[in-house]
Number of protein chains: 2
Amino acid sequence: MKESVTNCTVEEAMRLLGGRWRLLIVYFLLDGPRRFNELRRCVPGISQRMLTLDLRALEEAGLIKRTVFPTVPVTVEYQLTEDGKRLVPVVKVMQEFGKWLLEREEGEAP
Amino acid sequence: MKESVTNCTVEEAMRLLGGRWRLLIVYFLLDGPRRFNELRRCVPGISQRMLTLDLRALEEAGLIKRTVFPTVPVTVEYQLTEDGKRLVPVVKVMQEFGKWLLEREEGEAP
DNA sequence: CGGGATCCAGAATGATACTG
DNA sequence: CAGTATCATTCTGGATCCCG
């Protein structure tokens, strides 16, 4: 089972990005590096655990870079890598579609 | 200006499209209408149940249209609505990103 | 053919407590 | 501050049987 898929590029992308938070996290990294708790405040409703897990997944995929500054207490910064910048159009398009969705909802069922 | 709706737009979009199959189903509807079992064959590995559920969700969101032809046995066709065509850029961008992902994998882990 | 209904396994996510 | 560990809950997806 799970042999390589034929032409399922969309499936591959969704397997990595399809979670509830990942693209949202990336969204908040568009403007520059962010620290862990900074992201936690930005991303509405995410748990500490999921933030950790999703950051790890994105890091493992080479899309973000984790930098530890040996301050006291320690400071950790996350930022998009060059590869990660390939996510910019993905986020943008999702943002636009989501915006349209929300505006449509307002118009139909207030 | 509801700042309360900070940027749930990405979240909103992912809530609707974030599943494993939905964008993939939409992908196979880009070229035109498809019947149920036709989609089942196209979408690699999807179960009948999930195809039904996801088609329902997309229909409820007004993104696809379900048409029943009273043949014997019955024939059901699914197609993108005008609203659903807003998904075209979303699918395209996912497809491109997935393609890049797959090509990168090939290059790294032979 | 195109589903609906039910049951179930596993993955995804959340809550809470603890730590260097 | 930035996590880890553990447990609980919810969600996703598959298997199977049934029906008009």
# chains A, B, ... in the order shown; residues from 1 in each chain; ligands from 1
$ interface_residues --of "chain D" --to "chain B" --cutoff "10 Å" --atoms "only C-alpha atoms (C1' of nucleotides)" --output "number ranges by chain"
D: 12-15, 20
$ write_last_selection --atoms "N, CA and C atoms (P, O5', C5', C4', C3', O3' and C1' of nucleotides)" --output "compact mmCIF listing (two decimals), in the first residue's frame"
# COMPACT_ATOMS: atom_id res chain seq x y z
P DT D 12 -12.88 16.67 9.90
O5' DT D 12 -12.10 15.44 9.28
C5' DT D 12 -10.80 15.09 9.80
C4' DT D 12 -10.27 13.83 9.12
C3' DT D 12 -10.83 13.52 7.74
O3' DT D 12 -9.74 13.09 6.94
C1' DT D 12 -11.18 11.67 9.17
P DG D 13 -9.92 12.92 5.38
O5' DG D 13 -10.11 11.35 5.25
C5' DG D 13 -9.06 10.52 5.73
C4' DG D 13 -9.56 9.10 5.84
C3' DG D 13 -10.23 8.55 4.58
O3' DG D 13 -9.47 7.46 4.13
C1' DG D 13 -11.45 7.96 6.51
P DG D 14 -9.90 6.60 2.87
O5' DG D 14 -10.32 5.21 3.52
C5' DG D 14 -9.40 4.56 4.40
C4' DG D 14 -10.01 3.28 4.92
C3' DG D 14 -10.67 2.40 3.84
O3' DG D 14 -10.35 1.04 4.11
C1' DG D 14 -12.25 2.93 5.51
P DA D 15 -10.81 -0.07 3.03
O5' DA D 15 -11.94 -0.88 3.82
C5' DA D 15 -11.83 -1.09 5.22
C4' DA D 15 -12.94 -2.02 5.69
C3' DA D 15 -13.56 -2.89 4.59
O3' DA D 15 -13.83 -4.18 5.11
C1' DA D 15 -15.22 -1.45 5.51
P DG D 20 -36.02 0.56 -0.89
O5' DG D 20 -36.16 1.70 -1.99
C5' DG D 20 -35.72 3.02 -1.76
C4' DG D 20 -35.48 3.71 -3.10
C3' DG D 20 -36.49 3.33 -4.18
O3' DG D 20 -36.73 4.46 -4.99
C1' DG D 20 -34.34 2.69 -4.88
$ interface_residues --of "chain B" --to "chain C" --cutoff "8 Å" --atoms "only C-alpha atoms (C1' of nucleotides)" --output "MDAnalysis selection string"
chainID B and resid 36:37 52 73:76
$ interface_residues --of "chain A" --to "chain B" --cutoff "6 Å" --atoms "only C-alpha atoms" --output "PyMOL selection string"
chain A and resi 9-10+12-13+18+90+93-95+98-99
$ select_by_dssp --residues "segment 11-88 of chain A" --states "strand (DSSP E or B)" --output "list in words"
Arg34, Arg35, Ile64, Lys65, Arg66, Thr67, Val68, Phe69, Thr75, Val76, Glu77, Tyr78, Gln79 and Leu80 of chain A
$ select_by_dssp --residues "chain B" --states "helix (DSSP H, G or I)" --output "JSON list (two decimals) with N, CA and C atoms, in the first residue's frame"
[["chain", "number", "residue", "atom", "x", "y", "z"],
["B", 8, "CYS", "N", -8.84, 35.59, 9.71],
["B", 8, "CYS", "CA", -9.44, 34.29, 9.70],
["B", 8, "CYS", "C", -9.77, 33.90, 8.28],
["B", 9, "THR", "N", -9.37, 34.72, 7.32],
["B", 9, "THR", "CA", -9.71, 34.39, 5.93],
["B", 9, "THR", "C", -9.00, 33.11, 5.51],
["B", 10, "VAL", "N", -7.73, 33.02, 5.84],
["B", 10, "VAL", "CA", -7.00, 31.81, 5.51],
["B", 10, "VAL", "C", -7.59, 30.62, 6.25],
["B", 11, "GLU", "N", -7.91, 30.85, 7.51],
["B", 11, "GLU", "CA", -8.50, 29.78, 8.32],
["B", 11, "GLU", "C", -9.84, 29.35, 7.73],
["B", 12, "GLU", "N", -10.62, 30.32, 7.35],
["B", 12, "GLU", "CA", -11.94, 30.04, 6.80],
["B", 12, "GLU", "C", -11.82, 29.20, 5.52],
["B", 13, "ALA", "N", -10.88, 29.59, 4.69],
["B", 13, "ALA", "CA", -10.68, 28.85, 3.44],
["B", 13, "ALA", "C", -10.22, 27.43, 3.73],
["B", 14, "MET", "N", -9.31, 27.30, 4.69],
["B", 14, "MET", "CA", -8.79, 25.97, 4.99],
["B", 14, "MET", "C", -9.83, 25.09, 5.67],
["B", 15, "ARG", "N", -10.73, 25.70, 6.38],
["B", 15, "ARG", "CA", -11.77, 24.91, 7.02],
["B", 15, "ARG", "C", -12.63, 24.23, 5.96],
["B", 16, "LEU", "N", -12.85, 24.94, 4.86],
["B", 16, "LEU", "CA", -13.68, 24.37, 3.80],
["B", 16, "LEU", "C", -12.88, 23.45, 2.88],
["B", 17, "LEU", "N", -11.65, 23.82, 2.60],
["B", 17, "LEU", "CA", -10.89, 23.10, 1.58],
["B", 17, "LEU", "C", -9.80, 22.21, 2.15],
["B", 22, "ARG", "N", -10.86, 17.25, -0.98],
["B", 22, "ARG", "CA", -11.75, 18.22, -1.61],
["B", 22, "ARG", "C", -11.15, 18.96, -2.79],
["B", 23, "LEU", "N", -9.93, 19.46, -2.61],
["B", 23, "LEU", "CA", -9.32, 20.18, -3.73],
["B", 23, "LEU", "C", -8.98, 19.21, -4.86],
["B", 24, "LEU", "N", -8.74, 17.98, -4.50],
["B", 24, "LEU", "CA", -8.44, 16.98, -5.52],
["B", 24, "LEU", "C", -9.69, 16.69, -6.35],
["B", 25, "ILE", "N", -10.81, 16.61, -5.68],
["B", 25, "ILE", "CA", -12.08, 16.42, -6.38],
["B", 25, "ILE", "C", -12.33, 17.60, -7.32],
["B", 26, "VAL", "N", -12.13, 18.79, -6.79],
["B", 26, "VAL", "CA", -12.32, 19.98, -7.61],
["B", 26, "VAL", "C", -11.39, 19.93, -8.82],
["B", 27, "TYR", "N", -10.19, 19.47, -8.59],
["B", 27, "TYR", "CA", -9.24, 19.35, -9.69],
["B", 27, "TYR", "C", -9.80, 18.54, -10.85],
["B", 28, "PHE", "N", -10.45, 17.46, -10.51],
["B", 28, "PHE", "CA", -10.99, 16.60, -11.57],
["B", 28, "PHE", "C", -12.30, 17.12, -12.15],
["B", 29, "LEU", "N", -12.79, 18.19, -11.57],
["B", 29, "LEU", "CA", -13.99, 18.83, -12.13],
["B", 29, "LEU", "C", -13.64, 20.03, -13.00],
["B", 36, "PHE", "N", -20.55, 10.35, -10.62],
["B", 36, "PHE", "CA", -20.06, 9.89, -9.32],
["B", 36, "PHE", "C", -18.97, 8.82, -9.46],
["B", 37, "ASN", "N", -19.29, 7.78, -10.14],
["B", 37, "ASN", "CA", -18.31, 6.69, -10.25],
["B", 37, "ASN", "C", -17.12, 7.05, -11.12],
["B", 38, "GLU", "N", -17.33, 8.04, -11.95],
["B", 38, "GLU", "CA", -16.23, 8.54, -12.76],
["B", 38, "GLU", "C", -15.21, 9.21, -11.85],
["B", 39, "LEU", "N", -15.72, 10.02, -10.94],
["B", 39, "LEU", "CA", -14.85, 10.67, -9.96],
["B", 39, "LEU", "C", -14.16, 9.63, -9.08],
["B", 40, "ARG", "N", -14.92, 8.62, -8.75],
["B", 40, "ARG", "CA", -14.36, 7.58, -7.88],
["B", 40, "ARG", "C", -13.15, 6.93, -8.53],
["B", 41, "ARG", "N", -13.22, 6.78, -9.84],
["B", 41, "ARG", "CA", -12.09, 6.19, -10.54],
["B", 41, "ARG", "C", -10.94, 7.20, -10.67],
["B", 42, "CYS", "N", -11.30, 8.44, -10.90],
["B", 42, "CYS", "CA", -10.26, 9.48, -11.06],
["B", 42, "CYS", "C", -9.47, 9.67, -9.79],
["B", 48, "GLN", "N", -15.97, 5.55, -1.26],
["B", 48, "GLN", "CA", -17.30, 6.02, -1.67],
["B", 48, "GLN", "C", -17.86, 6.99, -0.65],
["B", 49, "ARG", "N", -17.66, 6.65, 0.59],
["B", 49, "ARG", "CA", -18.18, 7.47, 1.67],
["B", 49, "ARG", "C", -17.61, 8.88, 1.65],
["B", 50, "MET", "N", -16.29, 8.97, 1.55],
["B", 50, "MET", "CA", -15.67, 10.28, 1.58],
["B", 50, "MET", "C", -16.03, 11.09, 0.34],
["B", 51, "LEU", "N", -16.12, 10.40, -0.79],
["B", 51, "LEU", "CA", -16.52, 11.11, -1.99],
["B", 51, "LEU", "C", -17.90, 11.72, -1.81],
["B", 52, "THR", "N", -18.80, 10.94, -1.27],
["B", 52, "THR", "CA", -20.14, 11.46, -1.00],
["B", 52, "THR", "C", -20.10, 12.65, -0.04],
["B", 53, "LEU", "N", -19.42, 12.47, 1.07],
["B", 53, "LEU", "CA", -19.37, 13.54, 2.08],
["B", 53, "LEU", "C", -18.77, 14.82, 1.54],
["B", 54, "ASP", "N", -17.67, 14.67, 0.82],
["B", 54, "ASP", "CA", -16.99, 15.86, 0.32],
["B", 54, "ASP", "C", -17.79, 16.54, -0.79],
["B", 55, "LEU", "N", -18.43, 15.74, -1.62],
["B", 55, "LEU", "CA", -19.28, 16.33, -2.65],
["B", 55, "LEU", "C", -20.43, 17.10, -2.01],
["B", 56, "ARG", "N", -20.99, 16.54, -0.96],
["B", 56, "ARG", "CA", -22.06, 17.23, -0.24],
["B", 56, "ARG", "C", -21.59, 18.56, 0.34],
["B", 57, "ALA", "N", -20.42, 18.52, 0.94],
["B", 57, "ALA", "CA", -19.89, 19.74, 1.55],
["B", 57, "ALA", "C", -19.67, 20.82, 0.51],
["B", 58, "LEU", "N", -19.09, 20.42, -0.62],
["B", 58, "LEU", "CA", -18.83, 21.40, -1.67],
["B", 58, "LEU", "C", -20.13, 21.90, -2.28],
["B", 59, "GLU", "N", -21.11, 21.01, -2.34],
["B", 59, "GLU", "CA", -22.41, 21.42, -2.87],
["B", 59, "GLU", "C", -23.07, 22.42, -1.92],
["B", 60, "GLU", "N", -23.00, 22.10, -0.65],
["B", 60, "GLU", "CA", -23.62, 22.97, 0.34],
["B", 60, "GLU", "C", -22.97, 24.35, 0.35],
["B", 83, "ASP", "N", -19.56, 30.20, -8.86],
["B", 83, "ASP", "CA", -18.82, 30.43, -7.62],
["B", 83, "ASP", "C", -17.66, 29.45, -7.50],
["B", 84, "GLY", "N", -17.94, 28.22, -7.88],
["B", 84, "GLY", "CA", -16.91, 27.18, -7.75],
["B", 84, "GLY", "C", -15.69, 27.47, -8.59],
["B", 85, "LYS", "N", -15.88, 28.25, -9.64],
["B", 85, "LYS", "CA", -14.73, 28.54, -10.50],
["B", 85, "LYS", "C", -13.72, 29.44, -9.82],
["B", 86, "ARG", "N", -14.13, 30.00, -8.71],
["B", 86, "ARG", "CA", -13.16, 30.74, -7.90],
["B", 86, "ARG", "C", -12.11, 29.82, -7.31],
["B", 87, "LEU", "N", -12.37, 28.54, -7.39],
["B", 87, "LEU", "CA", -11.40, 27.59, -6.87],
["B", 87, "LEU", "C", -10.29, 27.29, -7.86],
["B", 88, "VAL", "N", -10.49, 27.69, -9.10],
["B", 88, "VAL", "CA", -9.49, 27.37, -10.12],
["B", 88, "VAL", "C", -8.09, 27.85, -9.75],
["B", 89, "PRO", "N", -7.94, 29.11, -9.38],
["B", 89, "PRO", "CA", -6.58, 29.54, -9.00],
["B", 89, "PRO", "C", -6.06, 28.81, -7.77],
["B", 90, "VAL", "N", -6.95, 28.46, -6.86],
["B", 90, "VAL", "CA", -6.53, 27.74, -5.67],
["B", 90, "VAL", "C", -5.94, 26.38, -6.06],
["B", 91, "VAL", "N", -6.67, 25.67, -6.90],
["B", 91, "VAL", "CA", -6.20, 24.36, -7.33],
["B", 91, "VAL", "C", -4.90, 24.48, -8.11],
["B", 92, "LYS", "N", -4.84, 25.47, -8.97],
["B", 92, "LYS", "CA", -3.64, 25.65, -9.79],
["B", 92, "LYS", "C", -2.41, 25.86, -8.93],
["B", 93, "VAL", "N", -2.55, 26.71, -7.93],
["B", 93, "VAL", "CA", -1.41, 27.06, -7.11],
["B", 93, "VAL", "C", -0.98, 25.86, -6.25],
["B", 94, "MET", "N", -1.96, 25.10, -5.81],
["B", 94, "MET", "CA", -1.66, 23.88, -5.05],
["B", 94, "MET", "C", -0.95, 22.87, -5.94],
["B", 95, "GLN", "N", -1.42, 22.79, -7.15],
["B", 95, "GLN", "CA", -0.85, 21.86, -8.11],
["B", 95, "GLN", "C", 0.62, 22.19, -8.37],
["B", 96, "GLU", "N", 0.88, 23.46, -8.54],
["B", 96, "GLU", "CA", 2.26, 23.88, -8.80],
["B", 96, "GLU", "C", 3.16, 23.64, -7.60],
["B", 97, "PHE", "N", 2.61, 23.93, -6.43],
["B", 97, "PHE", "CA", 3.42, 23.72, -5.24],
["B", 97, "PHE", "C", 3.68, 22.22, -5.03],
["B", 98, "GLY", "N", 2.65, 21.41, -5.23],
["B", 98, "GLY", "CA", 2.81, 19.97, -5.09],
["B", 98, "GLY", "C", 3.81, 19.41, -6.10],
["B", 99, "LYS", "N", 3.77, 19.98, -7.28],
["B", 99, "LYS", "CA", 4.70, 19.54, -8.31],
["B", 99, "LYS", "C", 6.14, 19.83, -7.88],
["B", 100, "TRP", "N", 6.32, 21.03, -7.37],
["B", 100, "TRP", "CA", 7.65, 21.39, -6.89],
["B", 100, "TRP", "C", 8.10, 20.47, -5.76],
["B", 101, "LEU", "N", 7.16, 20.17, -4.85],
["B", 101, "LEU", "CA", 7.46, 19.27, -3.74],
["B", 101, "LEU", "C", 7.94, 17.91, -4.25],
["B", 102, "LEU", "N", 7.21, 17.37, -5.18],
["B", 102, "LEU", "CA", 7.53, 16.03, -5.69],
["B", 102, "LEU", "C", 8.86, 16.02, -6.42],
["B", 103, "GLU", "N", 9.10, 17.06, -7.19],
["B", 103, "GLU", "CA", 10.36, 17.11, -7.93],
["B", 103, "GLU", "C", 11.54, 17.26, -6.97],
["B", 104, "ARG", "N", 11.32, 18.02, -5.92],
["B", 104, "ARG", "CA", 12.38, 18.20, -4.94],
["B", 104, "ARG", "C", 12.68, 16.88, -4.23],
["B", 105, "GLU", "N", 11.65, 16.12, -3.93],
["B", 105, "GLU", "CA", 11.85, 14.82, -3.30],
["B", 105, "GLU", "C", 12.69, 13.90, -4.16],
["B", 106, "GLU", "N", 12.38, 13.91, -5.42],
["B", 106, "GLU", "CA", 13.15, 13.07, -6.34],
["B", 106, "GLU", "C", 14.62, 13.42, -6.30],
["B", 107, "GLY", "N", 14.90, 14.71, -6.32],
["B", 107, "GLY", "CA", 16.28, 15.16, -6.33],
["B", 107, "GLY", "C", 17.05, 14.84, -5.06],
["B", 108, "GLU", "N", 16.32, 14.76, -3.92],
["B", 108, "GLU", "CA", 17.01, 14.58, -2.65],
["B", 108, "GLU", "C", 17.23, 13.12, -2.26]]
$ atom_distance --atom1 "atom CA of Arg34 of chain B" --atom2 "atom CA of Gly62 of chain B"
16.6 Å
$ atom_distance --atom1 "atom CA of Leu30 of chain B" --atom2 "atom CA of Val72 of chain B"
27.1 Å
$ atom_distance --atom1 "atom CA of Thr67 of chain B" --atom2 "atom C1' of DC19 of chain D"
20.2 Å
